[in-house]
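Chemist: Dropping in upload.pdb, with PDB, N, CA and C atoms.
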ATOM      1  N   MET A   1      -4.429   4.962  16.961  1.00  0.00           N
ATOM      2  CA  MET A   1      -4.752   4.757  15.562  1.00  0.00           C
ATOM      3  C   MET A   1      -3.561   4.126  14.850  1.00  0.00           C
ATOM      4  N   ALA A   2      -3.832   3.144  14.015  1.00  0.00           N
ATOM      5  CA  ALA A   2      -2.781   2.482  13.258  1.00  0.00           C
ATOM      6  C   ALA A   2      -3.155   2.470  11.779  1.00  0.00           C
ATOM      7  N   TRP A   3      -2.350   3.088  10.984  1.00  0.00           N
ATOM      8  CA  TRP A   3      -2.544   3.129   9.537  1.00  0.00           C
ATOM      9  C   TRP A   3      -1.746   1.990   8.933  1.00  0.00           C
ATOM     10  N   THR A   4      -2.390   1.150   8.130  1.00  0.00           N
ATOM     11  CA  THR A   4      -1.736  -0.005   7.539  1.00  0.00           C
ATOM     12  C   THR A   4      -2.128  -0.138   6.068  1.00  0.00           C
ATOM     13  N   TRP A   5      -1.300  -0.856   5.328  1.00  0.00           N
ATOM     14  CA  TRP A   5      -1.543  -1.123   3.915  1.00  0.00           C
ATOM     15  C   TRP A   5      -1.852  -2.591   3.707  1.00  0.00           C
ATOM     16  N   ARG A   6      -2.724  -2.874   2.751  1.00  0.00           N
ATOM     17  CA  ARG A   6      -2.954  -4.232   2.254  1.00  0.00           C
ATOM     18  C   ARG A   6      -2.374  -4.243   0.843  1.00  0.00           C
ATOM     19  N   PHE A   7      -1.638  -5.287   0.535  1.00  0.00           N
ATOM     20  CA  PHE A   7      -0.959  -5.411  -0.754  1.00  0.00           C
ATOM     21  C   PHE A   7      -1.668  -6.477  -1.571  1.00  0.00           C
ATOM     22  N   GLU A   8      -1.988  -6.152  -2.828  1.00  0.00           N
ATOM     23  CA  GLU A   8      -2.810  -7.045  -3.638  1.00  0.00           C
ATOM     24  C   GLU A   8      -2.275  -7.193  -5.053  1.00  0.00           C
ATOM     25  N   LYS A   9      -2.661  -8.323  -5.685  1.00  0.00           N
ATOM     26  CA  LYS A   9      -2.498  -8.491  -7.119  1.00  0.00           C
ATOM     27  C   LYS A   9      -3.618  -7.685  -7.784  1.00  0.00           C
ATOM     28  N   ALA A  10      -3.598  -7.582  -9.096  1.00  0.00           N
ATOM     29  CA  ALA A  10      -4.603  -6.805  -9.818  1.00  0.00           C
ATOM     30  C   ALA A  10      -6.014  -7.342  -9.599  1.00  0.00           C
ATOM     31  N   ASP A  11      -6.141  -8.641  -9.311  1.00  0.00           N
ATOM     32  CA  ASP A  11      -7.466  -9.233  -9.109  1.00  0.00           C
ATOM     33  C   ASP A  11      -7.965  -9.119  -7.664  1.00  0.00           C
ATOM     34  N   GLY A  12      -7.196  -8.456  -6.799  1.00  0.00           N
ATOM     35  CA  GLY A  12      -7.613  -8.266  -5.412  1.00  0.00           C
ATOM     36  C   GLY A  12      -7.108  -9.312  -4.447  1.00  0.00           C
ATOM     37  N   THR A  13      -6.369 -10.307  -4.953  1.00  0.00           N
ATOM     38  CA  THR A  13      -5.796 -11.331  -4.093  1.00  0.00           C
ATOM     39  C   THR A  13      -4.671 -10.722  -3.261  1.00  0.00           C
ATOM     40  N   GLU A  14      -4.707 -10.955  -1.949  1.00  0.00           N
ATOM     41  CA  GLU A  14      -3.664 -10.406  -1.084  1.00  0.00           C
ATOM     42  C   GLU A  14      -2.338 -11.111  -1.330  1.00  0.00           C
ATOM     43  N   VAL A  15      -1.248 -10.331  -1.337  1.00  0.00           N
ATOM     44  CA  VAL A  15       0.104 -10.869  -1.501  1.00  0.00           C
ATOM     45  C   VAL A  15       0.989 -10.331  -0.386  1.00  0.00           C
ATOM     46  N   GLN A  16       2.054 -11.060  -0.111  1.00  0.00           N
ATOM     47  CA  GLN A  16       3.034 -10.604   0.866  1.00  0.00           C
ATOM     48  C   GLN A  16       3.912  -9.548   0.198  1.00  0.00           C
ATOM     49  N   PRO A  17       4.140  -8.418   0.862  1.00  0.00           N
ATOM     50  CA  PRO A  17       4.943  -7.349   0.251  1.00  0.00           C
ATOM     51  C   PRO A  17       6.430  -7.688   0.239  1.00  0.00           C
ATOM     52  N   ALA A  18       7.122  -7.183  -0.765  1.00  0.00           N
ATOM     53  CA  ALA A  18       8.564  -7.373  -0.878  1.00  0.00           C
ATOM     54  C   ALA A  18       9.312  -6.565   0.178  1.00  0.00           C
ATOM     55  N   VAL A  19       8.711  -5.488   0.637  1.00  0.00           N
ATOM     56  CA  VAL A  19       9.288  -4.635   1.681  1.00  0.00           C
ATOM     57  C   VAL A  19       8.372  -4.748   2.894  1.00  0.00           C
ATOM     58  N   VAL A  20       8.944  -5.099   4.045  1.00  0.00           N
ATOM     59  CA  VAL A  20       8.136  -5.290   5.247  1.00  0.00           C
ATOM     60  C   VAL A  20       7.571  -3.946   5.707  1.00  0.00           C
ATOM     61  N   PRO A  21       6.240  -3.853   5.755  1.00  0.00           N
ATOM     62  CA  PRO A  21       5.622  -2.600   6.183  1.00  0.00           C
ATOM     63  C   PRO A  21       5.599  -2.488   7.702  1.00  0.00           C
ATOM     64  N   GLU A  22       5.269  -1.331   8.172  1.00  0.00           N
ATOM     65  CA  GLU A  22       5.080  -1.101   9.595  1.00  0.00           C
ATOM     66  C   GLU A  22       3.687  -0.542   9.798  1.00  0.00           C
ATOM     67  N   GLU A  23       3.307  -0.366  11.039  1.00  0.00           N
ATOM     68  CA  GLU A  23       2.068   0.354  11.329  1.00  0.00           C
ATOM     69  C   GLU A  23       2.455   1.812  11.508  1.00  0.00           C
ATOM     70  N   PHE A  24       1.727   2.671  10.829  1.00  0.00           N
ATOM     71  CA  PHE A  24       2.056   4.093  10.843  1.00  0.00           C
ATOM     72  C   PHE A  24       1.097   4.833  11.767  1.00  0.00           C
ATOM     73  N   THR A  25       1.576   5.929  12.364  1.00  0.00           N
ATOM     74  CA  THR A  25       0.746   6.698  13.291  1.00  0.00           C
ATOM     75  C   THR A  25      -0.087   7.759  12.594  1.00  0.00           C
ATOM     76  N   THR A  26       0.286   8.096  11.338  1.00  0.00           N
ATOM     77  CA  THR A  26      -0.485   9.089  10.590  1.00  0.00           C
ATOM     78  C   THR A  26      -0.674   8.625   9.149  1.00  0.00           C
ATOM     79  N   GLN A  27      -1.706   9.140   8.506  1.00  0.00           N
ATOM     80  CA  GLN A  27      -1.943   8.836   7.103  1.00  0.00           C
ATOM     81  C   GLN A  27      -0.776   9.340   6.254  1.00  0.00           C
ATOM     82  N   GLY A  28      -0.274  10.510   6.581  1.00  0.00           N
ATOM     83  CA  GLY A  28       0.846  11.077   5.833  1.00  0.00           C
ATOM     84  C   GLY A  28       2.085  10.201   5.875  1.00  0.00           C
ATOM     85  N   ASP A  29       2.379   9.631   7.050  1.00  0.00           N
ATOM     86  CA  ASP A  29       3.535   8.734   7.167  1.00  0.00           C
ATOM     87  C   ASP A  29       3.340   7.494   6.301  1.00  0.00           C
ATOM     88  N   ALA A  30       2.129   6.936   6.309  1.00  0.00           N
ATOM     89  CA  ALA A  30       1.838   5.750   5.506  1.00  0.00           C
ATOM     90  C   ALA A  30       1.987   6.057   4.017  1.00  0.00           C
ATOM     91  N   GLU A  31       1.473   7.195   3.600  1.00  0.00           N
ATOM     92  CA  GLU A  31       1.548   7.576   2.192  1.00  0.00           C
ATOM     93  C   GLU A  31       2.975   7.911   1.769  1.00  0.00           C
ATOM     94  N   SER A  32       3.743   8.520   2.646  1.00  0.00           N
ATOM     95  CA  SER A  32       5.149   8.817   2.338  1.00  0.00           C
ATOM     96  C   SER A  32       5.932   7.527   2.137  1.00  0.00           C
ATOM     97  N   TRP A  33       5.656   6.536   2.998  1.00  0.00           N
ATOM     98  CA  TRP A  33       6.340   5.249   2.895  1.00  0.00           C
ATOM     99  C   TRP A  33       6.050   4.585   1.550  1.00  0.00           C
ATOM    100  N   ILE A  34       4.776   4.577   1.142  1.00  0.00           N
ATOM    101  CA  ILE A  34       4.408   3.990  -0.158  1.00  0.00           C
ATOM    102  C   ILE A  34       5.136   4.720  -1.278  1.00  0.00           C
ATOM    103  N   GLY A  35       5.230   6.030  -1.159  1.00  0.00           N
ATOM    104  CA  GLY A  35       5.928   6.811  -2.176  1.00  0.00           C
ATOM    105  C   GLY A  35       7.394   6.457  -2.302  1.00  0.00           C
ATOM    106  N   GLU A  36       7.988   5.981  -1.216  1.00  0.00           N
ATOM    107  CA  GLU A  36       9.406   5.626  -1.208  1.00  0.00           C
ATOM    108  C   GLU A  36       9.660   4.205  -1.703  1.00  0.00           C
ATOM    109  N   VAL A  37       8.722   3.284  -1.484  1.00  0.00           N
ATOM    110  CA  VAL A  37       8.996   1.860  -1.756  1.00  0.00           C
ATOM    111  C   VAL A  37       8.131   1.240  -2.841  1.00  0.00           C
ATOM    112  N   TRP A  38       7.283   2.020  -3.518  1.00  0.00           N
ATOM    113  CA  TRP A  38       6.327   1.419  -4.450  1.00  0.00           C
ATOM    114  C   TRP A  38       6.999   0.609  -5.551  1.00  0.00           C
ATOM    115  N   LYS A  39       8.140   1.041  -6.043  1.00  0.00           N
ATOM    116  CA  LYS A  39       8.817   0.293  -7.111  1.00  0.00           C
ATOM    117  C   LYS A  39       9.253  -1.078  -6.613  1.00  0.00           C
ATOM    118  N   ASP A  40       9.759  -1.147  -5.384  1.00  0.00           N
ATOM    119  CA  ASP A  40      10.157  -2.436  -4.809  1.00  0.00           C
ATOM    120  C   ASP A  40       8.947  -3.343  -4.616  1.00  0.00           C
ATOM    121  N   LEU A  41       7.821  -2.753  -4.236  1.00  0.00           N
ATOM    122  CA  LEU A  41       6.591  -3.537  -4.056  1.00  0.00           C
ATOM    123  C   LEU A  41       6.129  -4.132  -5.382  1.00  0.00           C
ATOM    124  N   VAL A  42       6.182  -3.337  -6.448  1.00  0.00           N
ATOM    125  CA  VAL A  42       5.812  -3.834  -7.775  1.00  0.00           C
ATOM    126  C   VAL A  42       6.761  -4.949  -8.198  1.00  0.00           C
ATOM    127  N   ASP A  43       8.055  -4.732  -8.011  1.00  0.00           N
ATOM    128  CA  ASP A  43       9.042  -5.759  -8.371  1.00  0.00           C
ATOM    129  C   ASP A  43       8.798  -7.053  -7.603  1.00  0.00           C
ATOM    130  N   GLY A  44       8.224  -6.940  -6.398  1.00  0.00           N
ATOM    131  CA  GLY A  44       7.949  -8.107  -5.575  1.00  0.00           C
ATOM    132  C   GLY A  44       6.609  -8.758  -5.843  1.00  0.00           C
ATOM    133  N   GLY A  45       5.831  -8.209  -6.793  1.00  0.00           N
ATOM    134  CA  GLY A  45       4.593  -8.858  -7.181  1.00  0.00           C
ATOM    135  C   GLY A  45       3.304  -8.169  -6.784  1.00  0.00           C
ATOM    136  N   ALA A  46       3.370  -7.045  -6.090  1.00  0.00           N
ATOM    137  CA  ALA A  46       2.151  -6.311  -5.731  1.00  0.00           C
ATOM    138  C   ALA A  46       1.755  -5.403  -6.888  1.00  0.00           C
ATOM    139  N   ASP A  47       0.456  -5.355  -7.185  1.00  0.00           N
ATOM    140  CA  ASP A  47      -0.045  -4.486  -8.245  1.00  0.00           C
ATOM    141  C   ASP A  47      -0.775  -3.265  -7.705  1.00  0.00           C
ATOM    142  N   GLN A  48      -1.349  -3.402  -6.497  1.00  0.00           N
ATOM    143  CA  GLN A  48      -2.158  -2.323  -5.931  1.00  0.00           C
ATOM    144  C   GLN A  48      -2.146  -2.411  -4.413  1.00  0.00           C
ATOM    145  N   VAL A  49      -2.555  -1.314  -3.785  1.00  0.00           N
ATOM    146  CA  VAL A  49      -2.603  -1.257  -2.324  1.00  0.00           C
ATOM    147  C   VAL A  49      -3.928  -0.653  -1.867  1.00  0.00           C
ATOM    148  N   VAL A  50      -4.289  -0.991  -0.634  1.00  0.00           N
ATOM    149  CA  VAL A  50      -5.480  -0.435   0.009  1.00  0.00           C
ATOM    150  C   VAL A  50      -5.031   0.087   1.367  1.00  0.00           C
ATOM    151  N   LEU A  51      -5.451   1.298   1.718  1.00  0.00           N
ATOM    152  CA  LEU A  51      -5.078   1.912   2.988  1.00  0.00           C
ATOM    153  C   LEU A  51      -6.188   1.730   4.015  1.00  0.00           C
ATOM    154  N   PHE A  52      -5.802   1.308   5.220  1.00  0.00           N
ATOM    155  CA  PHE A  52      -6.729   1.122   6.332  1.00  0.00           C
ATOM    156  C   PHE A  52      -6.296   1.954   7.530  1.00  0.00           C
ATOM    157  N   ASP A  53      -7.268   2.402   8.291  1.00  0.00           N
ATOM    158  CA  ASP A  53      -7.033   3.071   9.569  1.00  0.00           C
ATOM    159  C   ASP A  53      -7.759   2.261  10.632  1.00  0.00           C
ATOM    160  N   ASP A  54      -6.993   1.572  11.480  1.00  0.00           N
ATOM    161  CA  ASP A  54      -7.569   0.700  12.509  1.00  0.00           C
ATOM    162  C   ASP A  54      -8.591  -0.270  11.926  1.00  0.00           C
ATOM    163  N   GLY A  55      -8.266  -0.845  10.763  1.00  0.00           N
ATOM    164  CA  GLY A  55      -9.141  -1.833  10.152  1.00  0.00           C
ATOM    165  C   GLY A  55     -10.245  -1.275   9.279  1.00  0.00           C
ATOM    166  N   THR A  56     -10.406   0.042   9.248  1.00  0.00           N
ATOM    167  CA  THR A  56     -11.421   0.673   8.405  1.00  0.00           C
ATOM    168  C   THR A  56     -10.780   1.092   7.089  1.00  0.00           C
ATOM    169  N   LYS A  57     -11.368   0.642   5.976  1.00  0.00           N
ATOM    170  CA  LYS A  57     -10.827   0.997   4.666  1.00  0.00           C
ATOM    171  C   LYS A  57     -10.990   2.491   4.431  1.00  0.00           C
ATOM    172  N   ILE A  58      -9.876   3.155   4.100  1.00  0.00           N
ATOM    173  CA  ILE A  58      -9.881   4.591   3.824  1.00  0.00           C
ATOM    174  C   ILE A  58      -9.978   4.830   2.315  1.00  0.00           C
ATOM    175  N   TYR A  59      -9.131   4.156   1.545  1.00  0.00           N
ATOM    176  CA  TYR A  59      -9.233   4.224   0.088  1.00  0.00           C
ATOM    177  C   TYR A  59      -8.482   3.068  -0.549  1.00  0.00           C
ATOM    178  N   GLY A  60      -8.754   2.891  -1.818  1.00  0.00           N
ATOM    179  CA  GLY A  60      -8.113   1.837  -2.579  1.00  0.00           C
ATOM    180  C   GLY A  60      -9.154   0.911  -3.171  1.00  0.00           C
ATOM    181  N   PRO A  61      -8.740   0.051  -4.026  1.00  0.00           N
ATOM    182  CA  PRO A  61      -7.342  -0.184  -4.366  1.00  0.00           C
ATOM    183  C   PRO A  61      -6.752   0.933  -5.243  1.00  0.00           C
ATOM    184  N   MET A  62      -5.482   1.186  -4.991  1.00  0.00           N
ATOM    185  CA  MET A  62      -4.728   2.188  -5.734  1.00  0.00           C
ATOM    186  C   MET A  62      -3.592   1.451  -6.455  1.00  0.00           C
ATOM    187  N   SER A  63      -3.542   1.614  -7.767  1.00  0.00           N
ATOM    188  CA  SER A  63      -2.525   0.940  -8.570  1.00  0.00           C
ATOM    189  C   SER A  63      -1.139   1.440  -8.204  1.00  0.00           C
ATOM    190  N   LEU A  64      -0.181   0.520  -8.225  1.00  0.00           N
ATOM    191  CA  LEU A  64       1.229   0.877  -8.021  1.00  0.00           C
ATOM    192  C   LEU A  64       1.964   1.037  -9.352  1.00  0.00           C
ATOM    193  N   HIS A  65       1.260   0.794 -10.450  1.00  0.00           N
ATOM    194  CA  HIS A  65       1.886   0.882 -11.767  1.00  0.00           C
ATOM    195  C   HIS A  65       1.763   2.299 -12.308  1.00  0.00           C
ATOM    196  N   ALA A  66       2.847   2.775 -12.898  1.00  0.00           N
ATOM    197  CA  ALA A  66       2.855   4.104 -13.485  1.00  0.00           C
ATOM    198  C   ALA A  66       1.889   4.140 -14.657  1.00  0.00           C
ATOM    199  N   GLU A  67       1.198   5.246 -14.788  1.00  0.00           N
ATOM    200  CA  GLU A  67       0.261   5.404 -15.903  1.00  0.00           C
ATOM    201  C   GLU A  67       1.033   5.555 -17.204  1.00  0.00           C
ATOM    202  N   GLN A  68       0.489   4.955 -18.243  1.00  0.00           N
ATOM    203  CA  GLN A  68       1.104   5.076 -19.565  1.00  0.00           C
ATOM    204  C   GLN A  68       0.649   6.391 -20.207  1.00  0.00           C
ATOM    205  N   ALA A  69       1.605   7.124 -20.747  1.00  0.00           N
ATOM    206  CA  ALA A  69       1.283   8.418 -21.379  1.00  0.00           C
ATOM    207  C   ALA A  69       0.722   8.217 -22.775  1.00  0.00           C
TER     208      ALA A  69
END
Could you write out this structure as structure tokens?
Modeler:
Amino acid sequence: MAWTWRFEKADGTEVQPAVVPEEFTTQGDAESWIGEVWKDLVDGGADQVVLFDDGTKIYGPMSLHAEQA
């Protein structure tokens, strides 16, 4: 099983991530990685991400922008 992320603009257009991702062996590892690098991804032009497991969409798009209070 390979957990991977797709990086997108707000309109769903795929973009190259500012931080090179890897293939993760668990969902938790993939989610931990996003938690560590999301600010760099936003700075690099990504607005949202979609999580896949072996090509099957698990969830998303999930915004990388902090919610306004």
Chemist: Apply DSSP to the backbone of this structure and, from chain A, keep only the residues in strand (DSSP E or B); write these as a ChimeraX atom specification.
Modeler: /A:3-8,14,24,48-53,56-63
Chemist: Rounded to one decimal in Å, what is the spacing between atom N of A:Gln16 and atom N of A:Met1?
Modeler: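 Answer for the atom N of A:Gln16 to atom N of A:Met1 separation: 24.3 Å.
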Chemist: List the neighbours of stretch 46-53 of chain A out to 8 Å using only C-alpha atoms; skip same-chain residues closer than 3 positions along the sequence, and give me the result as a PyMOL selection string.
Modeler: chain A and resi 1-10+15-17+41-43+56-65
Chemist: For the atom pair atom CA of A:Asp40 and atom C of A:Val19, what is the interatomic distance in Å to one decimal place?
Modeler: 8.2 Å
Chemist: Between atom C of A:Glu67 and atom CA of A:Phe24, measure the distance and give it in Å to one decimal.
Modeler: 28.1 Å
Chemist: Need the axis-aligned box for stretch 51-68 of chain A with 4 Å each side, so what are the centre and edges in Å to one decimal, as AutoDock Vina command-line options?
Modeler:
--center_x -4.3 --center_y 2.3 --center_z -3.8 --size_x 22.3 --size_y 16.2 --size_z 40.7
Chemist: Step one, run DSSP on the backbone; step two, keep only residues of chain A assigned to helix (DSSP H, G or I); then write them as a count of residues only.
Modeler: 17
Chemist: Since the input lacks atoms, please generate N, CA, C and O atoms for stretch 42-65 of chain A and provide them as a PDB file, in the frame of the given file.
Modeler:
ATOM      1  N   VAL A  42       6.182  -3.337  -6.448  1.00  0.00           N
ATOM      2  CA  VAL A  42       5.812  -3.834  -7.775  1.00  0.00           C
ATOM      3  C   VAL A  42       6.761  -4.949  -8.198  1.00  0.00           C
ATOM      4  O   VAL A  42       6.329  -6.008  -8.678  1.00  0.00           O
ATOM      5  N   ASP A  43       8.055  -4.732  -8.011  1.00  0.00           N
ATOM      6  CA  ASP A  43       9.042  -5.759  -8.371  1.00  0.00           C
ATOM      7  C   ASP A  43       8.798  -7.053  -7.603  1.00  0.00           C
ATOM      8  O   ASP A  43       9.095  -8.141  -8.094  1.00  0.00           O
ATOM      9  N   GLY A  44       8.224  -6.940  -6.398  1.00  0.00           N
ATOM     10  CA  GLY A  44       7.949  -8.107  -5.575  1.00  0.00           C
ATOM     11  C   GLY A  44       6.609  -8.758  -5.843  1.00  0.00           C
ATOM     12  O   GLY A  44       6.249  -9.743  -5.200  1.00  0.00           O
ATOM     13  N   GLY A  45       5.831  -8.209  -6.793  1.00  0.00           N
ATOM     14  CA  GLY A  45       4.593  -8.858  -7.181  1.00  0.00           C
ATOM     15  C   GLY A  45       3.304  -8.169  -6.784  1.00  0.00           C
ATOM     16  O   GLY A  45       2.225  -8.658  -7.098  1.00  0.00           O
ATOM     17  N   ALA A  46       3.370  -7.045  -6.090  1.00  0.00           N
ATOM     18  CA  ALA A  46       2.151  -6.311  -5.731  1.00  0.00           C
ATOM     19  C   ALA A  46       1.755  -5.403  -6.888  1.00  0.00           C
ATOM     20  O   ALA A  46       2.614  -4.774  -7.521  1.00  0.00           O
ATOM     21  N   ASP A  47       0.456  -5.355  -7.185  1.00  0.00           N
ATOM     22  CA  ASP A  47      -0.045  -4.486  -8.245  1.00  0.00           C
ATOM     23  C   ASP A  47      -0.775  -3.265  -7.705  1.00  0.00           C
ATOM     24  O   ASP A  47      -0.843  -2.233  -8.367  1.00  0.00           O
ATOM     25  N   GLN A  48      -1.349  -3.402  -6.497  1.00  0.00           N
ATOM     26  CA  GLN A  48      -2.158  -2.323  -5.931  1.00  0.00           C
ATOM     27  C   GLN A  48      -2.146  -2.411  -4.413  1.00  0.00           C
ATOM     28  O   GLN A  48      -1.755  -3.429  -3.851  1.00  0.00           O
ATOM     29  N   VAL A  49      -2.555  -1.314  -3.785  1.00  0.00           N
ATOM     30  CA  VAL A  49      -2.603  -1.257  -2.324  1.00  0.00           C
ATOM     31  C   VAL A  49      -3.928  -0.653  -1.867  1.00  0.00           C
ATOM     32  O   VAL A  49      -4.580   0.079  -2.610  1.00  0.00           O
ATOM     33  N   VAL A  50      -4.289  -0.991  -0.634  1.00  0.00           N
ATOM     34  CA  VAL A  50      -5.480  -0.435   0.009  1.00  0.00           C
ATOM     35  C   VAL A  50      -5.031   0.087   1.367  1.00  0.00           C
ATOM     36  O   VAL A  50      -4.308  -0.598   2.095  1.00  0.00           O
ATOM     37  N   LEU A  51      -5.451   1.298   1.718  1.00  0.00           N
ATOM     38  CA  LEU A  51      -5.078   1.912   2.988  1.00  0.00           C
ATOM     39  C   LEU A  51      -6.188   1.730   4.015  1.00  0.00           C
ATOM     40  O   LEU A  51      -7.364   1.970   3.725  1.00  0.00           O
ATOM     41  N   PHE A  52      -5.802   1.308   5.220  1.00  0.00           N
ATOM     42  CA  PHE A  52      -6.729   1.122   6.332  1.00  0.00           C
ATOM     43  C   PHE A  52      -6.296   1.954   7.530  1.00  0.00           C
ATOM     44  O   PHE A  52      -5.107   2.158   7.757  1.00  0.00           O
ATOM     45  N   ASP A  53      -7.268   2.402   8.291  1.00  0.00           N
ATOM     46  CA  ASP A  53      -7.033   3.071   9.569  1.00  0.00           C
ATOM     47  C   ASP A  53      -7.759   2.261  10.632  1.00  0.00           C
ATOM     48  O   ASP A  53      -8.987   2.237  10.672  1.00  0.00           O
ATOM     49  N   ASP A  54      -6.993   1.572  11.480  1.00  0.00           N
ATOM     50  CA  ASP A  54      -7.569   0.700  12.509  1.00  0.00           C
ATOM     51  C   ASP A  54      -8.591  -0.270  11.926  1.00  0.00           C
ATOM     52  O   ASP A  54      -9.661  -0.484  12.482  1.00  0.00           O
ATOM     53  N   GLY A  55      -8.266  -0.845  10.763  1.00  0.00           N
ATOM     54  CA  GLY A  55      -9.141  -1.833  10.152  1.00  0.00           C
ATOM     55  C   GLY A  55     -10.245  -1.275   9.279  1.00  0.00           C
ATOM     56  O   GLY A  55     -10.959  -2.024   8.627  1.00  0.00           O
ATOM     57  N   THR A  56     -10.406   0.042   9.248  1.00  0.00           N
ATOM     58  CA  THR A  56     -11.421   0.673   8.405  1.00  0.00           C
ATOM     59  C   THR A  56     -10.780   1.092   7.089  1.00  0.00           C
ATOM     60  O   THR A  56      -9.772   1.813   7.080  1.00  0.00           O
ATOM     61  N   LYS A  57     -11.368   0.642   5.976  1.00  0.00           N
ATOM     62  CA  LYS A  57     -10.827   0.997   4.666  1.00  0.00           C
ATOM     63  C   LYS A  57     -10.990   2.491   4.431  1.00  0.00           C
ATOM     64  O   LYS A  57     -12.082   3.031   4.543  1.00  0.00           O
ATOM     65  N   ILE A  58      -9.876   3.155   4.100  1.00  0.00           N
ATOM     66  CA  ILE A  58      -9.881   4.591   3.824  1.00  0.00           C
ATOM     67  C   ILE A  58      -9.978   4.830   2.315  1.00  0.00           C
ATOM     68  O   ILE A  58     -10.802   5.611   1.866  1.00  0.00           O
ATOM     69  N   TYR A  59      -9.131   4.156   1.545  1.00  0.00           N
ATOM     70  CA  TYR A  59      -9.233   4.224   0.088  1.00  0.00           C
ATOM     71  C   TYR A  59      -8.482   3.068  -0.549  1.00  0.00           C
ATOM     72  O   TYR A  59      -7.678   2.409   0.080  1.00  0.00           O
ATOM     73  N   GLY A  60      -8.754   2.891  -1.818  1.00  0.00           N
ATOM     74  CA  GLY A  60      -8.113   1.837  -2.579  1.00  0.00           C
ATOM     75  C   GLY A  60      -9.154   0.911  -3.171  1.00  0.00           C
ATOM     76  O   GLY A  60     -10.342   1.039  -2.862  1.00  0.00           O
ATOM     77  N   PRO A  61      -8.740   0.051  -4.026  1.00  0.00           N
ATOM     78  CA  PRO A  61      -7.342  -0.184  -4.366  1.00  0.00           C
ATOM     79  C   PRO A  61      -6.752   0.933  -5.243  1.00  0.00           C
ATOM     80  O   PRO A  61      -7.441   1.517  -6.064  1.00  0.00           O
ATOM     81  N   MET A  62      -5.482   1.186  -4.991  1.00  0.00           N
ATOM     82  CA  MET A  62      -4.728   2.188  -5.734  1.00  0.00           C
ATOM     83  C   MET A  62      -3.592   1.451  -6.455  1.00  0.00           C
ATOM     84  O   MET A  62      -2.808   0.750  -5.821  1.00  0.00           O
ATOM     85  N   SER A  63      -3.542   1.614  -7.767  1.00  0.00           N
ATOM     86  CA  SER A  63      -2.525   0.940  -8.570  1.00  0.00           C
ATOM     87  C   SER A  63      -1.139   1.440  -8.204  1.00  0.00           C
ATOM     88  O   SER A  63      -0.934   2.629  -7.940  1.00  0.00           O
ATOM     89  N   LEU A  64      -0.181   0.520  -8.225  1.00  0.00           N
ATOM     90  CA  LEU A  64       1.229   0.877  -8.021  1.00  0.00           C
ATOM     91  C   LEU A  64       1.964   1.037  -9.352  1.00  0.00           C
ATOM     92  O   LEU A  64       3.132   1.376  -9.361  1.00  0.00           O
ATOM     93  N   HIS A  65       1.260   0.794 -10.450  1.00  0.00           N
ATOM     94  CA  HIS A  65       1.886   0.882 -11.767  1.00  0.00           C
ATOM     95  C   HIS A  65       1.763   2.299 -12.308  1.00  0.00           C
ATOM     96  O   HIS A  65       0.724   2.932 -12.202  1.00  0.00           O
TER      97      HIS A  65
END
